[in-house]
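Asker: This is the content of my_file.csv (CSV, C-alpha atoms):
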chain,number,residue,atom,x,y,z
R,73,MET,CA,0.0,0.0,0.0
R,74,LYS,CA,1.3,3.5,-0.9
R,75,ASN,CA,1.5,6.5,1.4
R,76,ILE,CA,1.2,4.3,4.5
R,77,ASN,CA,3.6,6.5,6.4
R,78,GLN,CA,1.4,9.5,5.8
R,79,LEU,CA,-1.6,8.0,7.8
R,80,ASP,CA,-2.9,10.2,10.6
R,81,TRP,CA,-3.6,8.5,13.9
R,82,ASN,CA,-7.0,10.2,14.0
R,83,ASP,CA,-7.9,8.3,10.9
R,84,LEU,CA,-6.5,5.1,12.3
R,85,LYS,CA,-8.7,5.1,15.4
R,86,TYR,CA,-11.7,5.2,13.1
R,87,PHE,CA,-10.3,2.3,11.1
R,88,LEU,CA,-9.8,0.2,14.3
R,89,ALA,CA,-13.3,0.9,15.5
R,90,VAL,CA,-14.9,-0.2,12.3
R,91,ALA,CA,-12.7,-3.3,12.1
R,92,ARG,CA,-13.6,-4.3,15.7
R,93,GLY,CA,-17.3,-3.3,15.5
R,94,GLY,CA,-18.0,-4.6,12.1
R,95,GLY,CA,-19.7,-1.5,10.9
R,96,LEU,CA,-20.1,2.3,10.9
R,97,THR,CA,-22.8,2.5,13.5
R,98,PRO,CA,-21.0,0.4,16.2
R,99,ALA,CA,-17.8,2.4,15.5
R,100,ALA,CA,-19.7,5.7,15.8
R,101,THR,CA,-21.2,4.7,19.1
R,102,GLN,CA,-17.8,3.8,20.5
R,103,LEU,CA,-16.2,7.0,19.3
R,104,HIS,CA,-19.2,9.2,20.3
R,105,THR,CA,-19.6,10.6,16.7
R,106,SER,CA,-21.8,10.0,13.7
R,107,ALA,CA,-21.7,7.2,11.2
R,108,SER,CA,-21.2,9.7,8.4
R,109,THR,CA,-18.1,11.0,10.1
R,110,VAL,CA,-16.7,7.5,10.5
R,111,SER,CA,-17.4,6.9,6.8
R,112,ARG,CA,-15.5,10.0,5.7
R,113,HIS,CA,-12.4,9.0,7.6
R,114,ILE,CA,-12.5,5.5,6.1
R,115,ASP,CA,-13.0,6.8,2.6
R,116,SER,CA,-10.1,9.3,3.2
R,117,MET,CA,-7.8,6.4,4.3
R,118,GLU,CA,-8.7,4.3,1.3
R,119,ALA,CA,-8.1,7.2,-1.1
R,120,LEU,CA,-4.7,7.9,0.5
R,121,LEU,CA,-3.6,4.3,0.5
R,122,GLY,CA,-5.0,3.5,-2.9
R,123,ALA,CA,-6.5,0.3,-1.4
R,124,ARG,CA,-9.9,-1.0,-0.5
R,125,LEU,CA,-9.7,-1.8,3.3
R,126,PHE,CA,-13.3,-3.1,3.8
R,127,LEU,CA,-15.9,-5.0,1.9
R,128,ARG,CA,-19.2,-3.1,2.3
R,129,GLN,CA,-21.9,-5.7,2.8
R,130,GLN,CA,-25.5,-5.6,4.0
R,131,ARG,CA,-24.5,-7.4,7.2
R,132,GLY,CA,-21.6,-5.0,7.9
R,133,TYR,CA,-18.0,-4.0,7.0
R,134,LEU,CA,-15.6,-6.9,6.5
R,135,LEU,CA,-11.8,-6.4,6.3
R,136,THR,CA,-10.2,-7.2,2.9
R,137,ASP,CA,-6.8,-8.9,2.8
R,138,GLN,CA,-5.1,-5.5,2.7
R,139,GLY,CA,-7.3,-4.3,5.5
R,140,SER,CA,-6.4,-7.3,7.7
R,141,ALA,CA,-2.7,-6.7,7.1
R,142,LEU,CA,-3.1,-3.0,8.0
R,143,PHE,CA,-5.1,-3.9,11.1
R,144,GLU,CA,-2.3,-6.1,12.5
R,145,GLN,CA,0.2,-3.2,12.1
R,146,VAL,CA,-2.1,-0.5,13.5
R,147,ALA,CA,-3.2,-2.7,16.5
R,148,GLU,CA,0.5,-3.2,17.4
R,149,VAL,CA,1.1,0.5,17.3
R,150,GLU,CA,-2.0,1.1,19.4
R,151,ARG,CA,-0.8,-1.4,22.0
R,152,ALA,CA,2.5,0.3,22.3
R,153,MET,CA,1.0,3.8,22.6
R,154,LEU,CA,-1.4,2.6,25.4
R,155,GLY,CA,1.5,0.9,27.1
R,156,VAL,CA,3.4,4.2,27.2
R,157,GLU,CA,0.3,5.9,28.6
R,158,ARG,CA,-0.2,3.3,31.3
R,159,SER,CA,3.5,3.5,32.3
R,160,SER,CA,3.5,7.3,32.5
R,161,GLY,CA,0.4,7.1,34.8
R,162,ALA,CA,2.5,5.1,37.2
R,163,LEU,CA,5.0,7.9,37.8
R,164,GLY,CA,4.5,10.3,40.7
R,165,ALA,CA,6.1,11.9,43.7
R,166,ALA,CA,7.3,9.3,46.2
R,167,GLY,CA,4.7,8.5,48.8
R,168,VAL,CA,2.0,10.7,47.2
R,169,VAL,CA,-0.9,9.1,45.5
R,170,SER,CA,-2.4,11.5,43.0
R,171,GLY,CA,-4.1,11.6,39.6
R,172,ARG,CA,-7.2,9.8,38.3
R,173,VAL,CA,-7.9,6.1,38.7
R,174,LYS,CA,-10.5,4.6,36.4
R,175,PHE,CA,-12.3,1.7,38.1
R,176,ALA,CA,-14.9,-0.6,36.5
R,177,THR,CA,-17.4,-2.8,38.2
R,178,SER,CA,-21.0,-4.0,38.1
R,179,GLU,CA,-24.2,-2.1,39.1
R,180,THR,CA,-24.7,-3.6,42.5
R,181,LEU,CA,-21.1,-3.3,43.6
R,182,ALA,CA,-20.7,0.2,42.3
R,183,HIS,CA,-23.9,1.5,43.9
R,184,GLN,CA,-24.0,-0.4,47.1
R,185,LEU,CA,-20.3,-1.1,48.0
R,186,ILE,CA,-17.9,1.2,46.3
R,187,SER,CA,-19.8,4.6,46.1
R,188,PRO,CA,-20.9,4.7,49.8
R,189,ASN,CA,-17.3,4.1,50.9
R,190,LEU,CA,-15.3,6.2,48.6
R,191,GLY,CA,-15.0,8.9,51.2
R,192,LEU,CA,-12.7,6.6,53.2
R,193,LEU,CA,-10.4,6.2,50.2
R,194,LEU,CA,-10.3,9.9,49.4
R,195,ALA,CA,-9.7,10.9,53.0
R,196,ARG,CA,-6.7,8.6,52.9
R,197,HIS,CA,-5.5,10.0,49.5
R,198,PRO,CA,-6.8,13.6,49.1
R,199,ALA,CA,-5.0,14.1,45.7
R,200,LEU,CA,-6.6,11.0,44.1
R,201,GLN,CA,-9.6,11.3,41.8
R,202,VAL,CA,-11.9,8.3,40.9
R,203,GLU,CA,-13.7,7.7,37.7
R,204,LEU,CA,-16.3,4.9,38.3
R,205,VAL,CA,-17.4,3.0,35.2
R,206,VAL,CA,-20.6,1.0,35.7
R,207,ASN,CA,-21.3,-1.5,33.0
R,208,ARG,CA,-22.5,-5.1,32.9
R,209,ASN,CA,-20.0,-5.7,30.0
R,210,LEU,CA,-16.4,-6.4,30.9
R,211,ALA,CA,-14.2,-3.3,30.5
R,212,ASP,CA,-11.2,-3.8,28.1
R,213,LEU,CA,-8.3,-3.0,30.3
R,214,GLY,CA,-5.8,-3.3,27.4
R,215,ARG,CA,-7.6,-0.4,25.6
R,216,ARG,CA,-7.8,1.7,28.8
R,217,GLU,CA,-11.5,1.5,29.2
R,218,ALA,CA,-10.5,1.2,32.9
R,219,ASP,CA,-7.3,0.9,34.9
R,220,LEU,CA,-8.7,-1.9,37.1
R,221,ALA,CA,-11.9,-3.8,37.6
R,222,LEU,CA,-13.8,-5.7,40.3
R,223,ARG,CA,-15.5,-8.5,38.5
R,224,ILE,CA,-18.1,-11.0,39.5
R,225,VAL,CA,-17.2,-14.4,38.0
R,226,GLY,CA,-18.8,-17.8,38.2
R,227,SER,CA,-15.8,-19.9,39.3
R,228,ALA,CA,-12.1,-20.1,39.9
R,229,SER,CA,-11.7,-21.7,36.5
R,230,THR,CA,-12.4,-18.4,34.8
R,231,VAL,CA,-9.7,-17.6,32.3
R,232,HIS,CA,-8.3,-14.0,32.4
R,233,ASP,CA,-6.3,-12.2,29.6
R,234,PRO,CA,-2.6,-13.1,29.9
R,235,ASP,CA,-1.8,-9.3,29.9
R,236,TYR,CA,-3.9,-8.9,33.1
R,237,ILE,CA,-3.0,-9.7,36.7
R,238,ALA,CA,-6.0,-11.1,38.5
R,239,HIS,CA,-6.5,-11.6,42.3
R,240,ARG,CA,-9.4,-13.5,43.8
R,241,VAL,CA,-10.4,-11.3,46.7
R,242,GLY,CA,-13.5,-13.1,48.0
R,243,GLU,CA,-17.0,-14.4,47.4
R,244,LEU,CA,-20.3,-12.7,47.1
R,245,PRO,CA,-22.8,-14.6,49.3
R,246,PHE,CA,-26.5,-14.3,48.3
R,247,ALA,CA,-29.7,-15.0,50.2
R,248,LEU,CA,-33.4,-15.0,49.4
R,249,TYR,CA,-35.6,-12.0,50.6
R,250,ALA,CA,-39.2,-11.1,50.5
R,251,ALA,CA,-41.5,-8.3,51.7
R,252,PRO,CA,-43.3,-9.2,54.9
R,253,ALA,CA,-46.8,-8.9,53.3
R,254,LEU,CA,-45.8,-11.4,50.6
R,255,LEU,CA,-44.5,-13.9,53.1
R,256,ALA,CA,-47.6,-13.6,55.2
R,257,ALA,CA,-49.7,-14.6,52.2
R,258,ALA,CA,-47.7,-17.8,51.7
R,259,PRO,CA,-49.5,-21.1,52.4
R,260,ASP,CA,-48.2,-22.3,55.8
R,261,GLY,CA,-45.5,-19.7,55.5
R,262,ASP,CA,-43.7,-21.8,52.9
R,263,TRP,CA,-41.7,-19.4,50.7
R,264,HIS,CA,-41.2,-22.1,48.1
R,265,GLN,CA,-44.8,-21.6,46.9
R,266,LEU,CA,-44.4,-17.9,46.4
R,267,PRO,CA,-43.7,-16.1,43.0
R,268,TYR,CA,-40.1,-15.3,42.5
R,269,ILE,CA,-37.9,-12.8,40.6
R,270,THR,CA,-34.7,-13.8,38.8
R,271,TRP,CA,-32.2,-12.7,36.2
R,272,ASP,CA,-32.7,-12.6,32.5
R,273,GLU,CA,-32.1,-15.5,30.1
R,274,SER,CA,-28.3,-15.1,30.2
R,275,TRP,CA,-28.3,-16.5,33.8
R,276,THR,CA,-30.5,-19.6,32.9
R,277,GLY,CA,-27.6,-22.0,32.8
R,278,ARG,CA,-25.5,-20.5,35.5
R,279,PRO,CA,-25.2,-22.3,38.9
R,280,MET,CA,-27.3,-19.7,40.8
R,281,GLY,CA,-29.9,-19.6,38.1
R,282,VAL,CA,-30.2,-23.3,38.1
R,283,TRP,CA,-30.5,-23.3,41.9
R,284,LEU,CA,-33.2,-20.7,42.0
R,285,SER,CA,-35.3,-22.5,39.4
R,286,ALA,CA,-35.0,-25.8,41.4
R,287,ALA,CA,-35.8,-24.0,44.7
R,288,PHE,CA,-39.1,-22.9,43.2
R,289,GLY,CA,-40.1,-26.2,41.6
R,290,ALA,CA,-38.9,-25.2,38.1
R,291,ARG,CA,-41.8,-22.7,37.9
R,292,GLU,CA,-41.5,-19.7,35.6
R,293,PRO,CA,-40.5,-16.6,37.5
R,294,ILE,CA,-42.9,-13.7,37.7
R,295,LEU,CA,-40.2,-11.3,36.6
R,296,ARG,CA,-36.9,-11.6,34.8
R,297,THR,CA,-34.5,-8.6,34.6
R,298,ASN,CA,-30.8,-7.9,34.3
R,299,SER,CA,-31.0,-5.1,36.9
R,300,VAL,CA,-30.4,-5.7,40.6
R,301,THR,CA,-32.1,-2.4,41.3
R,302,ALA,CA,-35.2,-3.4,39.4
R,303,GLN,CA,-35.2,-6.8,41.3
R,304,TYR,CA,-34.9,-5.1,44.7
R,305,VAL,CA,-37.6,-2.5,44.0
R,306,ALA,CA,-40.0,-5.2,42.7
R,307,ALA,CA,-39.4,-7.4,45.7
R,308,GLY,CA,-39.9,-4.5,48.1
R,309,ALA,CA,-43.3,-3.9,46.4
R,310,GLY,CA,-44.3,-7.5,47.2
R,311,LEU,CA,-44.0,-8.8,43.7
R,312,GLY,CA,-41.9,-11.9,44.6
R,313,VAL,CA,-39.0,-13.5,46.4
R,314,VAL,CA,-35.6,-12.2,45.2
R,315,SER,CA,-32.0,-13.3,45.6
R,316,LEU,CA,-29.7,-10.4,46.6
R,317,PRO,CA,-26.1,-10.1,47.8
R,318,CYS,CA,-26.3,-10.5,51.6
R,319,PHE,CA,-24.4,-7.2,52.3
R,320,PHE,CA,-27.2,-5.4,50.4
R,321,GLY,CA,-30.3,-7.4,51.2
R,322,ASP,CA,-29.6,-7.5,55.0
R,323,ALA,CA,-29.5,-3.7,55.1
R,324,GLN,CA,-33.0,-3.3,53.5
R,325,PRO,CA,-35.6,-2.6,56.2
R,326,GLY,CA,-38.5,-3.6,53.9
R,327,LEU,CA,-37.3,-7.1,53.3
R,328,LEU,CA,-37.0,-10.3,55.4
R,329,ARG,CA,-34.2,-12.8,54.9
R,330,LEU,CA,-35.7,-16.2,54.1
R,331,ALA,CA,-32.8,-18.5,53.4
R,332,ASP,CA,-29.2,-18.6,52.2
R,333,VAL,CA,-28.5,-19.4,48.5
R,334,ASP,CA,-26.5,-22.6,48.2
R,335,THR,CA,-22.8,-21.7,48.9
R,336,GLY,CA,-21.7,-23.9,46.0
R,337,THR,CA,-23.4,-21.5,43.5
R,338,VAL,CA,-22.3,-18.1,44.8
R,339,PRO,CA,-20.0,-16.1,42.5
R,340,GLU,CA,-16.4,-15.0,43.3
R,341,LEU,CA,-15.0,-11.5,43.3
R,342,TRP,CA,-11.8,-10.9,41.3
R,343,LEU,CA,-9.7,-7.7,41.1
R,344,VAL,CA,-8.1,-7.4,37.6
R,345,TYR,CA,-5.7,-4.9,36.3
R,346,HIS,CA,-3.1,-4.6,33.4
R,347,ARG,CA,0.4,-5.8,34.1
R,348,ASP,CA,1.7,-2.4,33.0
R,349,LEU,CA,0.0,-0.8,36.0
R,350,LYS,CA,1.5,-3.1,38.6
R,351,ALA,CA,3.7,-0.3,40.0
R,352,SER,CA,1.1,2.4,39.7
R,353,GLN,CA,0.6,4.1,43.1
R,354,ARG,CA,-3.0,5.1,42.3
R,355,VAL,CA,-3.9,1.6,41.2
R,356,ARG,CA,-2.2,0.1,44.2
R,357,ALA,CA,-4.2,2.5,46.5
R,358,MET,CA,-7.5,1.5,44.8
R,359,ARG,CA,-6.6,-2.2,44.9
R,360,GLU,CA,-5.9,-2.0,48.7
R,361,PHE,CA,-9.2,-0.1,49.3
R,362,VAL,CA,-11.4,-2.5,47.3
R,363,THR,CA,-9.7,-5.6,48.9
R,364,GLU,CA,-10.5,-4.2,52.4
R,365,LEU,CA,-14.1,-3.6,51.4
R,366,VAL,CA,-14.5,-7.1,50.1
R,367,GLN,CA,-12.8,-8.7,53.1
R,368,GLY,CA,-15.2,-6.6,55.3
R,369,LEU,CA,-18.1,-8.3,53.6
R,370,ALA,CA,-16.8,-11.7,54.7
R,371,ALA,CA,-16.1,-10.5,58.2
R,372,GLY,CA,-19.6,-8.9,58.4
Output the file's structure as structure tokens, nothing else.
Answerer:
Amino acid sequence: MKNINQLDWNDLKYFLAVARGGGLTPAATQLHTSASTVSRHIDSMEALLGARLFLRQQRGYLLTDQGSALFEQVAEVERAMLGVERSSGALGAAGVVSGRVKFATSETLAHQLISPNLGLLLARHPALQVELVVNRNLADLGRREADLALRIVGSASTVHDPDYIAHRVGELPFALYAAPALLAAAPDGDWHQLPYITWDESWTGRPMGVWLSAAFGAREPILRTNSVTAQYVAAGAGLGVVSLPCFFGDAQPGLLRLADVDTGTVPELWLVYHRDLKASQRVRAMREFVTELVQGLAAG
């Protein structure tokens, strides 16, 4: 390909986004721009290189052979640039933890565990700033979507990216809860006969999903949702029995704890961060803070 040395990094990030997303719209969403803007950058690159980088098909954009060759080169440059950014973020005055740390975790852990306790971390390190990323999808640490993440995983056999360092920091015990009025309506006080609330279809085959279904006689749940907040609110309104993390469910005055969820099905909590950030003072401070919180759950 001609003129490859004249490529602008601004164009290359659009190229990478289309290649990874498979189309203009996913790339535009990732880059917070419009599909037409993405298209202009791709057309500009192809004109400069004198090569067709993508096959435009109804199902999306597919890399050509020349596009695939360019992708390997550009992705390697991107990895090197991000590595430099991560390394520079690890530098700072001795003994002073400062700068921004970007931390990713799930809805429940972010809202009920991390946010209420952030004052403790910031009192300890006044020059630190926290960016909290709440998403049910795993953050790509290699592309700096986060510096580190607290992840809920199904078992110790979970495979982590070889570029990441992963520490198992504890478990997340669950129990069943219900509103007092709902329990009072149960025949002979037997919660097994009550309607129940569970996760969406993505949890059907997971150990906790299987346990919940069996506990309620394989009946269909009255509500499925991927939001813990929606589950909790519905249970508080008396809609059904719900499974919640014990640290959260036990603190709710409008719910009664009925029974523990089988310990063999409870998920584990893992702290994950990129190897390039192992020496980062801000990441180390966040790691220590989160580990203390999780260990406090077990002690509580």
Asker: What's the 7 Å shell around Leu244 (chain R), counting all atoms listed in the file, without same-chain residues fewer than 5 positions away, as a ChimeraX atom specification?
Answerer: /R:317,338-341
Asker: Using all atoms listed in the file, which residue out of R:Gln102, R:Thr297, R:Gln303, R:Ser111 lies closest to Ser274 (chain R)?
Answerer: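 Once distances to Ser274 (chain R) are computed over all atoms listed in the file, the minimum belongs to R:Thr297.
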Asker: Could you pull the residues within 9 Å of region 283-291 of chain R, counting all atoms listed in the file, minus those fewer than 6 positions along the same chain, as number ranges by chain?
Answerer: R: 263-268, 270, 276, 315, 333-334, 337
Asker: Have a look at R:Phe143, R:Val300, R:Val149, R:Trp271 and name the one nearest to Leu181 (chain R); count all atoms listed in the file.
Answerer: R:Val300
Asker: Between R:His104, R:His346, R:Arg172, R:Arg216, which has the minimum distance to Tyr236 (chain R) (counting all atoms listed in the file)?
Answerer: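 Once distances to Tyr236 (chain R) are computed over all atoms listed in the file, the minimum belongs to R:His346.
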Asker: Find the residues around Lys174 (chain R) up to 8 Å (only C-alpha atoms counted), leave out those fewer than 2 positions away in its own chain, and share them as an MDAnalysis selection string.
Answerer: chainID R and resid 172 176 202:205 217:220
Asker: Kindly extract all protein, DNA and RNA residues lying within 12 Å of the coordinates (-16.6, -0.6, 2.3) given in the file, considering only C-alpha atoms, and supply them as a VMD selection string.
Answerer: chain R and resid 87 90 to 91 94 to 96 110 to 118 123 to 136 139
Asker: Do you know which residues are at most 8 Å from Leu88 (chain R) counting all atoms listed in the file, after dropping those on the same chain fewer than 3 positions away, and could you put them as number ranges by chain?
Answerer: R: 84-85, 91-92, 143, 146-147
Asker: When distances are computed from all atoms listed in the file, which of R:Gly214, R:Arg329, R:Cys318, R:Pro98 shows the smallest separation from Asp235 (chain R)?
Answerer: R:Gly214
Asker: So how far away is CA of Leu343 (chain R) from CA of Ala238 (chain R), in Å?
Answerer: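 Distance reported for this atom pair: 5.7 Å.
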Asker: When you count only C-alpha atoms, which of these residues is closest to Asn298 (chain R): R:Leu213, R:Gly321, R:Val168, R:Glu273?
Answerer: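 The answer is R:Glu273, which sits nearest to Asn298 (chain R).
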Asker: Show which residues sit within 9 Å of Val314 (chain R), as a list in words. Count all atoms listed in the file, and ignore same-chain residues fewer than 3 positions away.
Answerer: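 Using all atoms listed in the file, the neighbours found are Ala247, Leu248, Tyr249, Ala250, Tyr268, Ile269, Thr270, Gln303, Tyr304, Ala306 and Ala307 of chain R.
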Asker: Could you check which residues have any atom within 9 Å of (-38.3, -3.0, 52.0), counting all atoms listed in the file with coordinates taken straight from the file, and then list them as a list of chain:residue names?
Answerer: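 Checking each residue against the 9 Å limit leaves R:Ala250, R:Ala251, R:Pro252, R:Tyr304, R:Val305, R:Ala307, R:Gly308, R:Ala309, R:Gly310, R:Gln324, R:Pro325, R:Gly326, R:Leu327, R:Leu328.
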Asker: Since we have the selection now, will you write its residues out, keeping C-alpha atoms, as a CSV table (one decimal), in the frame of the given file?
Answerer:
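Saved the output as part24.csv:
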chain,number,residue,atom,x,y,z
R,250,ALA,CA,-39.2,-11.1,50.5
R,251,ALA,CA,-41.5,-8.3,51.7
R,252,PRO,CA,-43.3,-9.2,54.9
R,304,TYR,CA,-34.9,-5.1,44.7
R,305,VAL,CA,-37.6,-2.5,44.0
R,307,ALA,CA,-39.4,-7.4,45.7
R,308,GLY,CA,-39.9,-4.5,48.1
R,309,ALA,CA,-43.3,-3.9,46.4
R,310,GLY,CA,-44.3,-7.5,47.2
R,324,GLN,CA,-33.0,-3.3,53.5
R,325,PRO,CA,-35.6,-2.6,56.2
R,326,GLY,CA,-38.5,-3.6,53.9
R,327,LEU,CA,-37.3,-7.1,53.3
R,328,LEU,CA,-37.0,-10.3,55.4
Asker: Tell me, in Å to one decimal, how far CA of Ala195 (chain R) is from CA of Trp342 (chain R).
Answerer: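 Answer for the CA of Ala195 (chain R) to CA of Trp342 (chain R) separation: 24.8 Å.
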Asker: Of the residues R:Ser352, R:Arg215, R:Ser170, R:Val362, which is the one nearest to Glu150 (chain R), using only C-alpha atoms?
Answerer: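 Result for the nearest residue to Glu150 (chain R): R:Arg215.
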Asker: What's the separation between CA of Val366 (chain R) and CA of Val313 (chain R), in Å to one decimal place?
Answerer: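 CA of Val313 (chain R) lies 25.6 Å from CA of Val366 (chain R).
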